[in-house]
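A.B. asks: Below you'll find target_20.cif; it's mmCIF, C-alpha atoms and all ligand atoms.
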data_data
#
loop_
_atom_site.label_atom_id
_atom_site.label_comp_id
_atom_site.auth_asym_id
_atom_site.auth_seq_id
_atom_site.Cartn_x
_atom_site.Cartn_y
_atom_site.Cartn_z
CA MET A 773 189.63 -86.00 124.29
CA ASN A 774 189.96 -83.29 126.97
CA ILE A 775 186.42 -82.69 128.14
CA LEU A 776 185.36 -79.76 130.31
CA VAL A 777 182.49 -80.93 132.51
CA THR A 778 180.67 -78.08 134.24
CA GLY A 779 178.65 -79.20 137.24
CA GLY A 780 180.80 -82.35 137.37
CA ALA A 781 180.51 -82.62 141.16
CA GLY A 782 176.71 -82.81 140.89
CA TYR A 783 174.41 -85.80 140.54
CA ILE A 784 174.34 -86.42 136.78
CA GLY A 785 177.73 -84.77 136.16
CA SER A 786 179.60 -87.05 138.58
CA HIS A 787 178.15 -90.22 137.01
CA THR A 788 179.03 -88.91 133.56
CA CYS A 789 182.61 -88.23 134.71
CA VAL A 790 182.87 -91.92 135.66
CA VAL A 791 181.79 -93.01 132.18
CA LEU A 792 184.03 -90.44 130.45
CA LEU A 793 187.09 -91.51 132.46
CA GLU A 794 186.35 -95.18 131.83
CA ALA A 795 186.12 -94.42 128.09
CA GLY A 796 189.65 -92.96 128.25
CA HIS A 797 188.87 -89.23 128.18
CA GLU A 798 190.68 -86.60 130.26
CA VAL A 799 188.19 -84.73 132.44
CA ILE A 800 188.38 -81.16 133.71
CA VAL A 801 185.58 -80.29 136.15
CA ALA A 802 184.31 -76.77 136.85
CA ASP A 803 181.83 -76.58 139.72
CA ASN A 804 181.19 -73.92 142.37
CA LEU A 805 179.80 -76.60 144.73
CA CYS A 806 176.58 -74.61 145.34
CA ASN A 807 174.67 -77.91 145.29
CA SER A 808 177.39 -80.54 145.68
CA LYS A 809 180.47 -81.54 147.63
CA ALA A 810 184.16 -81.61 146.67
CA GLU A 811 184.43 -85.15 148.09
CA THR A 812 182.32 -86.39 145.15
CA ILE A 813 185.29 -85.57 142.91
CA ASP A 814 187.48 -87.85 145.08
CA LYS A 815 184.85 -90.59 144.95
CA VAL A 816 184.73 -90.49 141.15
CA GLU A 817 188.53 -90.80 141.14
CA GLN A 818 188.34 -93.76 143.52
CA ILE A 819 185.70 -95.56 141.45
CA THR A 820 187.69 -95.16 138.24
CA ASN A 821 191.22 -95.10 139.67
CA LYS A 822 191.83 -92.06 137.44
CA LYS A 823 192.49 -88.39 138.18
CA MET A 824 190.54 -85.32 137.13
CA VAL A 825 191.46 -81.63 137.21
CA PHE A 826 189.07 -79.64 139.40
CA TYR A 827 188.36 -75.90 139.19
CA PRO A 828 186.07 -74.71 142.05
CA ILE A 829 184.72 -71.79 140.00
CA ASP A 830 181.43 -70.24 139.01
CA VAL A 831 180.88 -70.74 135.29
CA THR A 832 179.10 -67.40 134.96
CA ASP A 833 182.53 -65.85 135.77
CA GLU A 834 183.98 -65.14 132.34
CA GLU A 835 187.57 -64.62 133.56
CA ALA A 836 187.60 -67.83 135.58
CA VAL A 837 186.26 -69.78 132.59
CA GLU A 838 188.85 -68.15 130.32
CA ARG A 839 191.64 -69.41 132.61
CA ILE A 840 190.48 -73.01 132.14
CA PHE A 841 190.47 -72.67 128.36
CA ALA A 842 193.91 -71.02 128.51
CA ASP A 843 195.31 -73.79 130.74
CA HIS A 844 193.97 -76.74 128.74
CA LYS A 845 193.37 -77.61 125.13
CA ILE A 846 189.67 -78.35 125.52
CA ASP A 847 188.08 -80.58 122.85
CA GLY A 848 184.52 -80.47 124.10
CA VAL A 849 182.25 -79.08 126.82
CA ILE A 850 179.47 -80.88 128.64
CA HIS A 851 177.45 -78.21 130.43
CA PHE A 852 175.60 -79.62 133.44
CA ALA A 853 176.07 -76.68 135.81
CA GLY A 854 172.74 -75.14 136.67
CA LEU A 855 170.17 -74.55 139.35
CA LYS A 856 167.35 -77.08 139.11
CA ALA A 857 164.77 -76.70 141.88
CA VAL A 858 161.49 -75.92 140.16
CA ALA A 859 159.71 -74.32 143.15
CA GLU A 860 162.78 -72.25 144.07
CA SER A 861 162.89 -70.93 140.50
CA VAL A 862 159.41 -69.46 141.00
CA GLU A 863 160.61 -67.66 144.15
CA LYS A 864 163.98 -66.56 142.74
CA PRO A 865 163.45 -66.14 138.99
CA LEU A 866 166.35 -63.74 138.43
CA GLU A 867 168.82 -66.06 140.14
CA TYR A 868 167.69 -68.89 137.88
CA TYR A 869 167.60 -66.93 134.63
CA TYR A 870 171.01 -65.40 135.40
CA ASN A 871 172.80 -68.58 136.49
CA ASN A 872 171.38 -70.92 133.88
CA THR A 873 171.48 -68.72 130.80
CA VAL A 874 174.60 -66.60 131.48
CA SER A 875 176.62 -69.77 132.16
CA THR A 876 175.56 -71.10 128.75
CA MET A 877 176.59 -67.86 127.01
CA VAL A 878 179.91 -67.57 128.86
CA LEU A 879 180.83 -71.14 127.90
CA ALA A 880 179.69 -70.79 124.27
CA LYS A 881 181.76 -67.58 123.97
CA ALA A 882 184.84 -69.30 125.39
CA CYS A 883 184.33 -72.12 122.87
CA GLN A 884 184.26 -69.56 120.05
CA ARG A 885 187.41 -67.80 121.26
CA HIS A 886 189.31 -71.07 121.52
CA GLY A 887 187.92 -72.92 118.51
CA VAL A 888 186.19 -75.57 120.63
CA GLU A 889 183.53 -77.15 118.46
CA LYS A 890 181.78 -79.74 120.61
CA PHE A 891 179.11 -78.67 123.10
CA ILE A 892 176.66 -80.89 124.95
CA PHE A 893 173.89 -79.26 126.95
CA SER A 894 171.72 -80.63 129.78
CA SER A 895 168.20 -79.81 128.73
CA SER A 896 165.02 -81.23 130.16
CA ALA A 897 161.75 -82.85 129.13
CA THR A 898 160.13 -79.92 130.88
CA VAL A 899 160.56 -77.90 127.62
CA TYR A 900 157.75 -79.97 126.05
CA GLY A 901 155.22 -78.60 128.54
CA GLU A 902 151.84 -80.30 128.39
CA ASN A 903 152.26 -81.82 124.90
CA GLU A 904 150.78 -85.15 123.81
CA VAL A 905 152.80 -88.17 124.95
CA PRO A 906 155.14 -89.57 123.84
CA PHE A 907 157.22 -86.41 123.47
CA VAL A 908 159.08 -86.26 120.16
CA GLU A 909 162.03 -83.95 119.42
CA THR A 910 160.19 -82.38 116.45
CA MET A 911 157.28 -81.11 118.59
CA ASP A 912 156.72 -77.39 119.05
CA LEU A 913 157.74 -76.52 122.59
CA LEU A 914 155.07 -75.19 124.92
CA PRO A 915 155.78 -72.55 127.55
CA ALA A 916 157.20 -74.11 130.70
CA ALA A 917 155.16 -73.80 133.87
CA ASN A 918 158.09 -72.21 135.74
CA PRO A 919 161.26 -70.09 135.27
CA TYR A 920 163.51 -73.16 135.57
CA GLY A 921 161.93 -74.71 132.46
CA GLU A 922 162.22 -71.41 130.60
CA THR A 923 165.97 -71.25 131.33
CA LYS A 924 166.33 -74.58 129.52
CA ALA A 925 164.27 -73.46 126.51
CA ILE A 926 166.23 -70.17 126.32
CA SER A 927 169.62 -71.92 126.61
CA GLU A 928 168.55 -74.26 123.79
CA ARG A 929 167.76 -71.25 121.59
CA ILE A 930 171.05 -69.50 122.47
CA LEU A 931 172.96 -72.59 121.36
CA MET A 932 170.85 -73.05 118.21
CA ASP A 933 171.50 -69.46 117.10
CA THR A 934 175.21 -69.79 117.92
CA ALA A 935 175.41 -72.91 115.75
CA LYS A 936 173.51 -71.14 112.94
CA ALA A 937 176.17 -68.43 112.87
CA ASN A 938 179.13 -70.85 113.09
CA SER A 939 179.03 -73.76 110.70
CA LYS A 940 181.56 -75.86 112.65
CA PHE A 941 179.83 -75.60 116.04
CA SER A 942 178.47 -79.03 116.96
CA VAL A 943 175.76 -78.96 119.59
CA SER A 944 173.85 -81.72 121.27
CA LEU A 945 170.76 -80.72 123.26
CA LEU A 946 169.96 -83.65 125.52
CA ARG A 947 166.46 -83.58 126.97
CA TYR A 948 166.53 -85.73 130.07
CA PHE A 949 163.37 -87.31 131.38
CA ASN A 950 163.45 -88.29 135.09
CA PRO A 951 166.97 -89.36 136.15
CA VAL A 952 167.04 -91.67 139.19
CA GLY A 953 169.26 -94.32 140.77
CA ALA A 954 172.97 -94.29 141.44
CA HIS A 955 176.27 -95.83 140.41
CA GLU A 956 176.22 -99.58 141.02
CA SER A 957 178.98 -99.22 143.64
CA GLY A 958 176.63 -97.24 145.89
CA PHE A 959 179.52 -94.79 146.26
CA ILE A 960 177.99 -91.81 144.46
CA GLY A 961 174.32 -90.93 143.97
CA GLU A 962 171.74 -88.22 144.47
CA GLU A 963 172.09 -86.27 147.71
CA PRO A 964 169.55 -83.44 147.77
CA THR A 965 169.91 -80.88 150.53
CA GLY A 966 166.85 -80.44 152.76
CA ILE A 967 163.56 -82.17 152.03
CA PRO A 968 163.65 -83.67 148.53
CA ASN A 969 161.37 -82.26 145.84
CA ASN A 970 161.66 -85.27 143.57
CA LEU A 971 159.91 -88.58 143.99
CA MET A 972 162.78 -91.10 144.17
CA PRO A 973 164.90 -89.35 146.83
CA TYR A 974 161.73 -88.79 148.85
CA VAL A 975 160.90 -92.50 148.63
CA THR A 976 164.42 -93.55 149.71
CA GLN A 977 164.26 -91.23 152.72
CA VAL A 978 160.85 -92.59 153.76
CA ALA A 979 162.19 -96.14 153.44
CA LYS A 980 165.16 -95.16 155.61
CA GLY A 981 162.87 -93.62 158.24
CA LYS A 982 164.20 -90.09 157.76
CA LEU A 983 160.76 -88.98 156.56
CA GLU A 984 157.51 -90.38 157.90
CA LYS A 985 155.53 -91.05 154.74
CA LEU A 986 155.37 -90.24 151.08
CA GLN A 987 152.73 -87.81 149.93
CA VAL A 988 151.37 -88.96 146.57
CA PHE A 989 150.39 -85.82 144.68
CA GLY A 990 147.06 -86.73 143.10
CA ASN A 991 145.31 -90.00 142.19
CA ASP A 992 142.75 -88.51 139.84
CA TYR A 993 144.87 -88.09 136.71
CA PRO A 994 143.71 -89.76 133.48
CA THR A 995 146.35 -92.50 133.93
CA PRO A 996 145.88 -96.25 134.60
CA ASP A 997 145.99 -95.89 138.42
CA GLY A 998 145.28 -92.15 138.60
CA THR A 999 148.80 -91.16 139.73
CA GLY A 1000 151.32 -89.21 137.64
CA VAL A 1001 153.25 -91.10 134.98
CA ARG A 1002 156.93 -90.35 134.24
CA ASP A 1003 159.78 -91.80 132.20
CA TYR A 1004 162.37 -92.66 134.87
CA ILE A 1005 165.87 -93.29 133.53
CA HIS A 1006 168.81 -94.81 135.40
CA VAL A 1007 171.50 -92.16 135.87
CA MET A 1008 174.18 -94.53 134.50
CA ASP A 1009 172.19 -94.99 131.27
CA LEU A 1010 171.89 -91.22 131.09
CA ALA A 1011 175.65 -90.85 131.65
CA GLU A 1012 176.33 -93.35 128.87
CA GLY A 1013 174.01 -91.37 126.60
CA HIS A 1014 176.33 -88.36 126.94
CA VAL A 1015 179.37 -90.32 125.83
CA ALA A 1016 177.41 -91.81 122.90
CA SER A 1017 176.40 -88.30 121.89
CA LEU A 1018 179.97 -87.00 122.25
CA ASP A 1019 181.29 -89.82 120.06
CA ARG A 1020 178.87 -89.03 117.25
CA LEU A 1021 178.71 -85.26 117.38
CA THR A 1022 178.73 -83.56 113.97
CA PRO A 1023 178.33 -79.86 113.06
CA GLY A 1024 174.90 -78.36 113.60
CA VAL A 1025 172.32 -78.84 116.36
CA HIS A 1026 171.10 -82.29 117.36
CA ILE A 1027 168.28 -82.75 119.83
CA TYR A 1028 167.80 -86.06 121.63
CA ASN A 1029 165.36 -87.32 124.22
CA LEU A 1030 167.15 -89.41 126.82
CA GLY A 1031 164.62 -91.64 128.53
CA THR A 1032 163.51 -95.26 128.42
CA GLY A 1033 160.34 -94.57 126.46
CA GLN A 1034 158.32 -96.25 129.22
CA GLY A 1035 155.89 -94.51 131.54
CA ILE A 1036 155.79 -95.56 135.20
CA SER A 1037 153.23 -94.26 137.70
CA VAL A 1038 154.02 -93.05 141.22
CA LEU A 1039 152.35 -96.11 142.75
CA GLN A 1040 154.13 -98.49 140.35
CA LEU A 1041 157.45 -96.99 141.39
CA VAL A 1042 156.60 -97.32 145.09
CA LYS A 1043 155.53 -100.95 144.59
CA ALA A 1044 158.70 -101.82 142.67
CA PHE A 1045 160.79 -100.15 145.39
CA GLU A 1046 159.09 -102.17 148.13
CA GLU A 1047 159.29 -105.48 146.27
CA VAL A 1048 162.88 -105.23 145.07
CA ASN A 1049 164.30 -103.87 148.31
CA GLY A 1050 162.07 -105.63 150.83
CA VAL A 1051 161.25 -102.39 152.65
CA ARG A 1052 158.01 -100.55 153.34
CA VAL A 1053 157.19 -97.12 151.94
CA PRO A 1054 154.10 -95.78 153.74
CA TYR A 1055 152.21 -93.20 151.71
CA GLU A 1056 149.10 -91.04 151.74
CA ILE A 1057 147.17 -89.64 148.80
CA MET A 1058 147.13 -85.84 148.63
CA GLY A 1059 145.83 -83.27 146.15
CA ARG A 1060 147.67 -82.57 142.90
CA ARG A 1061 150.91 -80.55 143.05
CA PRO A 1062 150.50 -77.24 141.17
CA GLY A 1063 152.27 -77.23 137.79
CA ASP A 1064 152.38 -81.05 137.47
CA ILE A 1065 151.27 -82.76 134.28
CA ALA A 1066 149.57 -86.16 134.09
CA GLU A 1067 152.05 -87.94 131.87
CA SER A 1068 155.56 -87.46 130.53
CA TYR A 1069 157.45 -90.04 128.56
CA ALA A 1070 159.79 -90.01 125.61
CA ASP A 1071 159.84 -91.21 122.07
CA VAL A 1072 163.42 -92.51 122.19
CA SER A 1073 163.70 -93.73 118.60
CA LYS A 1074 165.95 -90.86 117.44
CA ALA A 1075 168.64 -91.47 120.10
CA GLU A 1076 168.48 -95.21 119.44
CA LYS A 1077 168.92 -94.75 115.71
CA GLU A 1078 171.43 -91.92 115.57
CA LEU A 1079 173.45 -92.48 118.74
CA ASN A 1080 173.17 -96.26 118.82
CA TRP A 1081 172.28 -95.76 122.48
CA LYS A 1082 169.44 -97.29 124.44
CA ALA A 1083 168.71 -97.34 128.17
CA LYS A 1084 169.68 -100.82 129.41
CA ARG A 1085 168.54 -100.61 133.02
CA GLY A 1086 164.92 -100.97 134.06
CA ILE A 1087 162.87 -99.88 137.07
CA LYS A 1088 164.24 -102.76 139.19
CA GLU A 1089 167.84 -101.60 138.75
CA MET A 1090 166.76 -97.99 139.36
CA VAL A 1091 165.07 -98.69 142.71
CA ARG A 1092 167.79 -101.17 143.77
CA ASP A 1093 170.63 -98.71 143.13
CA ALA A 1094 168.79 -95.72 144.61
CA TRP A 1095 168.28 -97.73 147.81
CA ARG A 1096 171.83 -99.08 147.88
CA PHE A 1097 173.15 -95.52 147.81
CA GLU A 1098 170.74 -94.26 150.48
CA SER A 1099 171.42 -97.28 152.71
CA GLN A 1100 175.13 -96.53 153.01
CA LEU A 1101 174.61 -92.86 153.94
CA PRO A 1102 174.87 -92.14 157.67
CA ALA A 1103 171.39 -91.97 159.24
CA ALA A 1104 172.05 -88.49 160.63
CA GLN A 1105 173.02 -87.03 157.27
CA LYS A 1106 170.77 -84.44 155.56
P1 LIG A 1201 172.99 -81.02 140.57
O1 LIG A 1201 172.51 -79.84 141.31
O2 LIG A 1201 173.30 -82.25 141.33
O3 LIG A 1201 174.30 -80.63 139.71
C1 LIG A 1201 174.49 -79.35 139.18
C2 LIG A 1201 175.90 -78.92 139.57
O4 LIG A 1201 176.16 -77.63 139.03
C3 LIG A 1201 176.10 -78.82 141.08
O5 LIG A 1201 177.26 -79.54 141.44
C4 LIG A 1201 176.26 -77.33 141.32
O6 LIG A 1201 177.15 -77.08 142.41
C5 LIG A 1201 176.81 -76.84 140.00
N1 LIG A 1201 176.54 -75.45 139.64
C6 LIG A 1201 175.35 -74.81 139.58
N2 LIG A 1201 175.51 -73.54 139.15
C7 LIG A 1201 176.85 -73.39 138.91
C8 LIG A 1201 177.64 -72.32 138.44
N3 LIG A 1201 177.11 -71.13 138.12
N4 LIG A 1201 178.97 -72.52 138.31
C9 LIG A 1201 179.54 -73.70 138.62
N5 LIG A 1201 178.83 -74.75 139.07
C10 LIG A 1201 177.50 -74.60 139.22
O7 LIG A 1201 171.93 -81.32 139.42
P2 LIG A 1201 171.81 -82.55 138.42
O8 LIG A 1201 170.59 -83.28 138.75
O9 LIG A 1201 173.10 -83.27 138.33
O10 LIG A 1201 171.53 -81.76 137.06
C11 LIG A 1201 172.55 -81.48 136.11
C12 LIG A 1201 171.94 -80.70 134.96
O11 LIG A 1201 170.92 -81.48 134.36
C13 LIG A 1201 171.29 -79.38 135.38
O12 LIG A 1201 171.53 -78.43 134.37
C14 LIG A 1201 169.83 -79.73 135.44
O13 LIG A 1201 169.02 -78.61 135.21
C15 LIG A 1201 169.71 -80.73 134.30
N6 LIG A 1201 168.57 -81.64 134.44
C16 LIG A 1201 168.42 -82.34 135.61
C17 LIG A 1201 167.32 -83.19 135.76
C18 LIG A 1201 167.09 -83.93 137.04
O14 LIG A 1201 165.98 -84.35 137.30
N7 LIG A 1201 168.11 -84.14 137.89
C19 LIG A 1201 166.41 -83.34 134.71
C20 LIG A 1201 166.61 -82.62 133.52
C21 LIG A 1201 167.71 -81.78 133.41
C1 LIG A 1202 157.53 -87.26 139.64
C2 LIG A 1202 156.10 -87.73 139.95
C3 LIG A 1202 154.80 -86.06 141.10
C4 LIG A 1202 157.22 -86.06 144.76
C5 LIG A 1202 160.92 -82.59 137.90
C6 LIG A 1202 161.12 -81.30 137.16
C7 LIG A 1202 161.73 -81.56 135.81
C8 LIG A 1202 162.99 -82.41 135.94
C9 LIG A 1202 162.75 -83.65 136.74
C10 LIG A 1202 164.92 -81.03 136.08
C11 LIG A 1202 155.06 -86.65 139.71
C12 LIG A 1202 155.02 -87.26 141.99
C13 LIG A 1202 156.71 -86.32 143.50
C14 LIG A 1202 156.45 -86.44 145.89
C15 LIG A 1202 154.77 -87.34 144.43
N1 LIG A 1202 164.03 -81.72 136.63
N2 LIG A 1202 155.51 -86.95 143.34
N3 LIG A 1202 155.27 -87.08 145.69
O1 LIG A 1202 157.89 -83.26 138.43
O2 LIG A 1202 158.31 -85.09 136.73
O3 LIG A 1202 160.03 -83.40 137.15
O4 LIG A 1202 162.18 -83.29 138.00
O5 LIG A 1202 165.00 -80.74 134.93
O6 LIG A 1202 162.00 -80.33 135.22
O7 LIG A 1202 159.87 -80.64 137.01
O8 LIG A 1202 159.61 -85.09 138.87
O9 LIG A 1202 160.25 -86.47 140.80
O10 LIG A 1202 159.20 -84.20 141.22
O11 LIG A 1202 157.80 -86.05 140.31
O12 LIG A 1202 153.70 -87.91 144.31
O13 LIG A 1202 156.85 -86.21 147.06
O14 LIG A 1202 156.03 -88.02 141.35
O15 LIG A 1202 153.53 -85.53 141.27
O16 LIG A 1202 153.90 -87.29 139.24
P1 LIG A 1202 158.82 -84.19 137.79
P2 LIG A 1202 159.27 -85.43 140.38
#
Would you write the structure of this file as structure tokens?
Ligand code: NAD
Ligand code: WQD
C.D. replies:
Amino acid sequence: MNILVTGGAGYIGSHTCVVLLEAGHEVIVADNLCNSKAETIDKVEQITNKKMVFYPIDVTDEEAVERIFADHKIDGVIHFAGLKAVAESVEKPLEYYYNNTVSTMVLAKACQRHGVEKFIFSSSATVYGENEVPFVETMDLLPAANPYGETKAISERILMDTAKANSKFSVSLLRYFNPVGAHESGFIGEEPTGIPNNLMPYVTQVAKGKLEKLQVFGNDYPTPDGTGVRDYIHVMDLAEGHVASLDRLTPGVHIYNLGTGQGISVLQLVKAFEEVNGVRVPYEIMGRRPGDIAESYADVSKAEKELNWKAKRGIKEMVRDAWRFESQLPAAQK
């Protein structure tokens, strides 16, 4: 199939391009590079020894998106493009609402004009809010603690209503838990700009000596060791989940949690990182980070049953591959 991947130069998008190309699909990437580099496109091509078509465009630009659909017979869209920094979304709500919801509408409209029926959307576990764990797809969503989370809930609703009005539209809403790690080659991975907000990239930078020590946000949560519990998923498992979902997409809206189903605490992750990689990660315990919840992990039975997909890689592979990627980056970078 010809798959349009928006945000394909980004972290999850680039890994998914690898899996799509290896499965024999043609890939067209649209990315404005606001949080990524064009060289990632070349790296994906080198890993797979296959070519992609790259459009350096903003997917909120209706005319630019129209040109892609006019140039190619698109069979499906995987929409990764979006802004994702939670704290920044609180400071710049309009930028987040505009970018993340208008892009979804522009792409869905282009699909309608061109009879493209398959649409896969990058949603997030954040839409569950502070529900009871494990999070199940049938749960009522709770308001997100920040504008970023709301953009995901709104985009989900836009796509649900679009599918209601068009019986052939086939939508998959993939709710990712906490993607970490990198391609096994160490060639592509997560490269946040500035000081990382997320745990794993922070840990890799402390291990590398770029940052002095990890700040553990709270050790008084009602969890086994008091630190926050999350469902970390290897980015290659996540990428494979997209292709599984694309293969089985049928008309209507299908919601899937993509996680491992296993909760890991901050201190468990740090310990695994130190043991597997033989490096030290100094840390200090701080107060809780505003907006954080104690626990987040998925009920993954629906994806297992309907997509015949299951995360294969565990915490050891996650910390090993995250460190392999960080280790080969120049020390001065970032
Ligand atoms: P990322 O920032 O690495 O990738 C997003 C890509 O989209 C970047 O390459 C960026 O340049 C591009 N982009 C952003 N706005 C654009 C626009 N208007 N037009 C064209 N390109 C644009 O982020 P990621 O971690 O790969 O996340 C991919 C998607 O998955 C995002 O929608 C994100 O919200 C969602 N998600 C991520 C996580 C996570 O923890 N990484 C968790 C849940 C959901
Ligand atoms: C994980 C755990 C922190 C950093 C965020 C978004 C979510 C999704 C994934 C996009 C928590 C603790 C973290 C640090 C720490 N993104 N922590 N020290 O908050 O689960 O989810 O990323 O959709 O929407 O909210 O991920 O990696 O920031 O935190 O102790 O320096 O690590 O408190 O318990 P989170 P995270």
A.B. asks: Would you write out, as a tab-separated table, a table of all residues in segment 904-957 of chain A that have an atom no more than 10 Å from an atom of segment 963-975 of chain A, listing for each the closest atom pair and the distance in Å to one decimal, considering all atoms listed in the file and ordering rows by chain and rising residue number?
C.D. replies:
residue	atom	partner	partner_atom	distance
A:Asn950	CA	A:Asn970	CA	9.2
A:Pro951	CA	A:Met972	CA	9.2
A:Val952	CA	A:Met972	CA	6.6
A:Gly953	CA	A:Met972	CA	8.0
A.B. asks: Write out as a tab-separated table a residue-level contact list of segment 994-1098 of chain A versus segment 790-798 of chain A with cut-off 9 Å: for each qualifying residue the closest pair of atoms and the distance in Å to one decimal, counting all atoms listed in the file, rows sorted by chain and residue number upward.
C.D. replies:
residue	atom	partner	partner_atom	distance
A:Met1008	CA	A:Val791	CA	8.1
A:Ala1011	CA	A:Val791	CA	6.5
A:Glu1012	CA	A:Val791	CA	6.4
A:His1014	CA	A:Leu792	CA	8.7
A:Val1015	CA	A:Leu792	CA	6.6
A.B. asks: Export, as a PDB file, in the coordinates of the input, the selected residues with C-alpha atoms.
C.D. replies:
ATOM      1  CA  MET A1008     174.180 -94.530 134.500  1.00  0.00           C
ATOM      2  CA  ALA A1011     175.650 -90.850 131.650  1.00  0.00           C
ATOM      3  CA  GLU A1012     176.330 -93.350 128.870  1.00  0.00           C
ATOM      4  CA  HIS A1014     176.330 -88.360 126.940  1.00  0.00           C
ATOM      5  CA  VAL A1015     179.370 -90.320 125.830  1.00  0.00           C
TER       6      VAL A1015
END
A.B. asks: Each residue of chain A lying at most 9 Å from ligand LIG 1202 (chain A) should get a row with its shortest atom-to-atom pair and the distance in Å to one decimal, counting only C-alpha atoms and all ligand atoms; could you produce that, ordered by chain and increasing number, as CSV?
C.D. replies:
residue,atom,partner,partner_atom,distance
A:Leu855,CA,A:LIG1202,C10,9.0
A:Lys856,CA,A:LIG1202,C10,5.5
A:Ala857,CA,A:LIG1202,C10,7.2
A:Val858,CA,A:LIG1202,O7,5.9
A:Ala859,CA,A:LIG1202,O7,8.8
A:Ser894,CA,A:LIG1202,O5,8.5
A:Ser895,CA,A:LIG1202,O5,7.0
A:Ser896,CA,A:LIG1202,O5,4.8
A:Ala897,CA,A:LIG1202,O6,6.6
A:Thr898,CA,A:LIG1202,O6,4.7
A:Val899,CA,A:LIG1202,O6,8.1
A:Ala917,CA,A:LIG1202,O7,8.9
A:Asn918,CA,A:LIG1202,O7,8.7
A:Tyr920,CA,A:LIG1202,O6,7.3
A:Gly921,CA,A:LIG1202,O6,6.3
A:Lys924,CA,A:LIG1202,O5,8.3
A:Arg947,CA,A:LIG1202,O5,8.6
A:Tyr948,CA,A:LIG1202,O5,7.1
A:Phe949,CA,A:LIG1202,C9,6.5
A:Asn950,CA,A:LIG1202,C9,5.0
A:Pro951,CA,A:LIG1202,C9,7.1
A:Val952,CA,A:LIG1202,O9,8.7
A:Pro968,CA,A:LIG1202,O13,7.4
A:Asn969,CA,A:LIG1202,O10,5.5
A:Asn970,CA,A:LIG1202,O9,3.3
A:Leu971,CA,A:LIG1202,C4,3.8
A:Met972,CA,A:LIG1202,O9,6.3
A:Pro973,CA,A:LIG1202,O9,8.1
A:Tyr974,CA,A:LIG1202,O13,5.8
A:Val975,CA,A:LIG1202,O13,7.6
A:Leu986,CA,A:LIG1202,O13,5.9
A:Gln987,CA,A:LIG1202,N3,5.0
A:Val988,CA,A:LIG1202,O12,3.4
A:Phe989,CA,A:LIG1202,O12,3.9
A:Gly990,CA,A:LIG1202,O15,6.8
A:Asn991,CA,A:LIG1202,O12,8.9
A:Thr999,CA,A:LIG1202,O16,6.4
A:Gly1000,CA,A:LIG1202,O16,3.6
A:Val1001,CA,A:LIG1202,O16,5.8
A:Arg1002,CA,A:LIG1202,O2,6.0
A:Asp1003,CA,A:LIG1202,O2,8.2
A:Tyr1004,CA,A:LIG1202,C1,8.7
A:Ser1037,CA,A:LIG1202,O16,7.2
A:Val1038,CA,A:LIG1202,O14,5.4
A:Leu1039,CA,A:LIG1202,O12,8.5
A:Ile1057,CA,A:LIG1202,O12,8.1
A:Met1058,CA,A:LIG1202,O12,8.1
A:Arg1060,CA,A:LIG1202,O15,6.8
A:Arg1061,CA,A:LIG1202,O15,5.9
A:Pro1062,CA,A:LIG1202,O15,8.8
A:Gly1063,CA,A:LIG1202,O1,8.3
A:Asp1064,CA,A:LIG1202,O15,6.0
A:Ile1065,CA,A:LIG1202,O16,7.2
A:Ala1066,CA,A:LIG1202,O16,6.8
A:Glu1067,CA,A:LIG1202,O16,7.6
A:Ser1068,CA,A:LIG1202,O2,7.2
A.B. asks: For Tyr783 of chain A, please output as a VMD selection string all residues within 7 Å (counting all atoms listed in the file; exclusion window: fewer than 2 positions along the same chain).
C.D. replies: chain A and resid 781 785 to 787 961 to 962
A.B. asks: I need the residues from that last selection saved to file as an mmCIF file, keeping the file's coordinate frame (with C-alpha atoms), if you can.
C.D. replies:
data_model
loop_
_atom_site.group_PDB
_atom_site.id
_atom_site.type_symbol
_atom_site.label_atom_id
_atom_site.label_comp_id
_atom_site.auth_asym_id
_atom_site.auth_seq_id
_atom_site.Cartn_x
_atom_site.Cartn_y
_atom_site.Cartn_z
ATOM 1 C CA ALA A 781 180.510 -82.620 141.160
ATOM 2 C CA GLY A 785 177.730 -84.770 136.160
ATOM 3 C CA SER A 786 179.600 -87.050 138.580
ATOM 4 C CA HIS A 787 178.150 -90.220 137.010
ATOM 5 C CA GLY A 961 174.320 -90.930 143.970
ATOM 6 C CA GLU A 962 171.740 -88.220 144.470
#
A.B. asks: Between A:Thr910, A:Asn821, A:Thr1022, A:Asn1029, which residue has the minimum interatomic distance to ligand LIG 1201 (chain A), considering only C-alpha atoms and all ligand atoms?
C.D. replies: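 Between A:Thr910, A:Asn821, A:Thr1022, A:Asn1029, the residue approaching ligand LIG 1201 (chain A) most closely is A:Asn1029.
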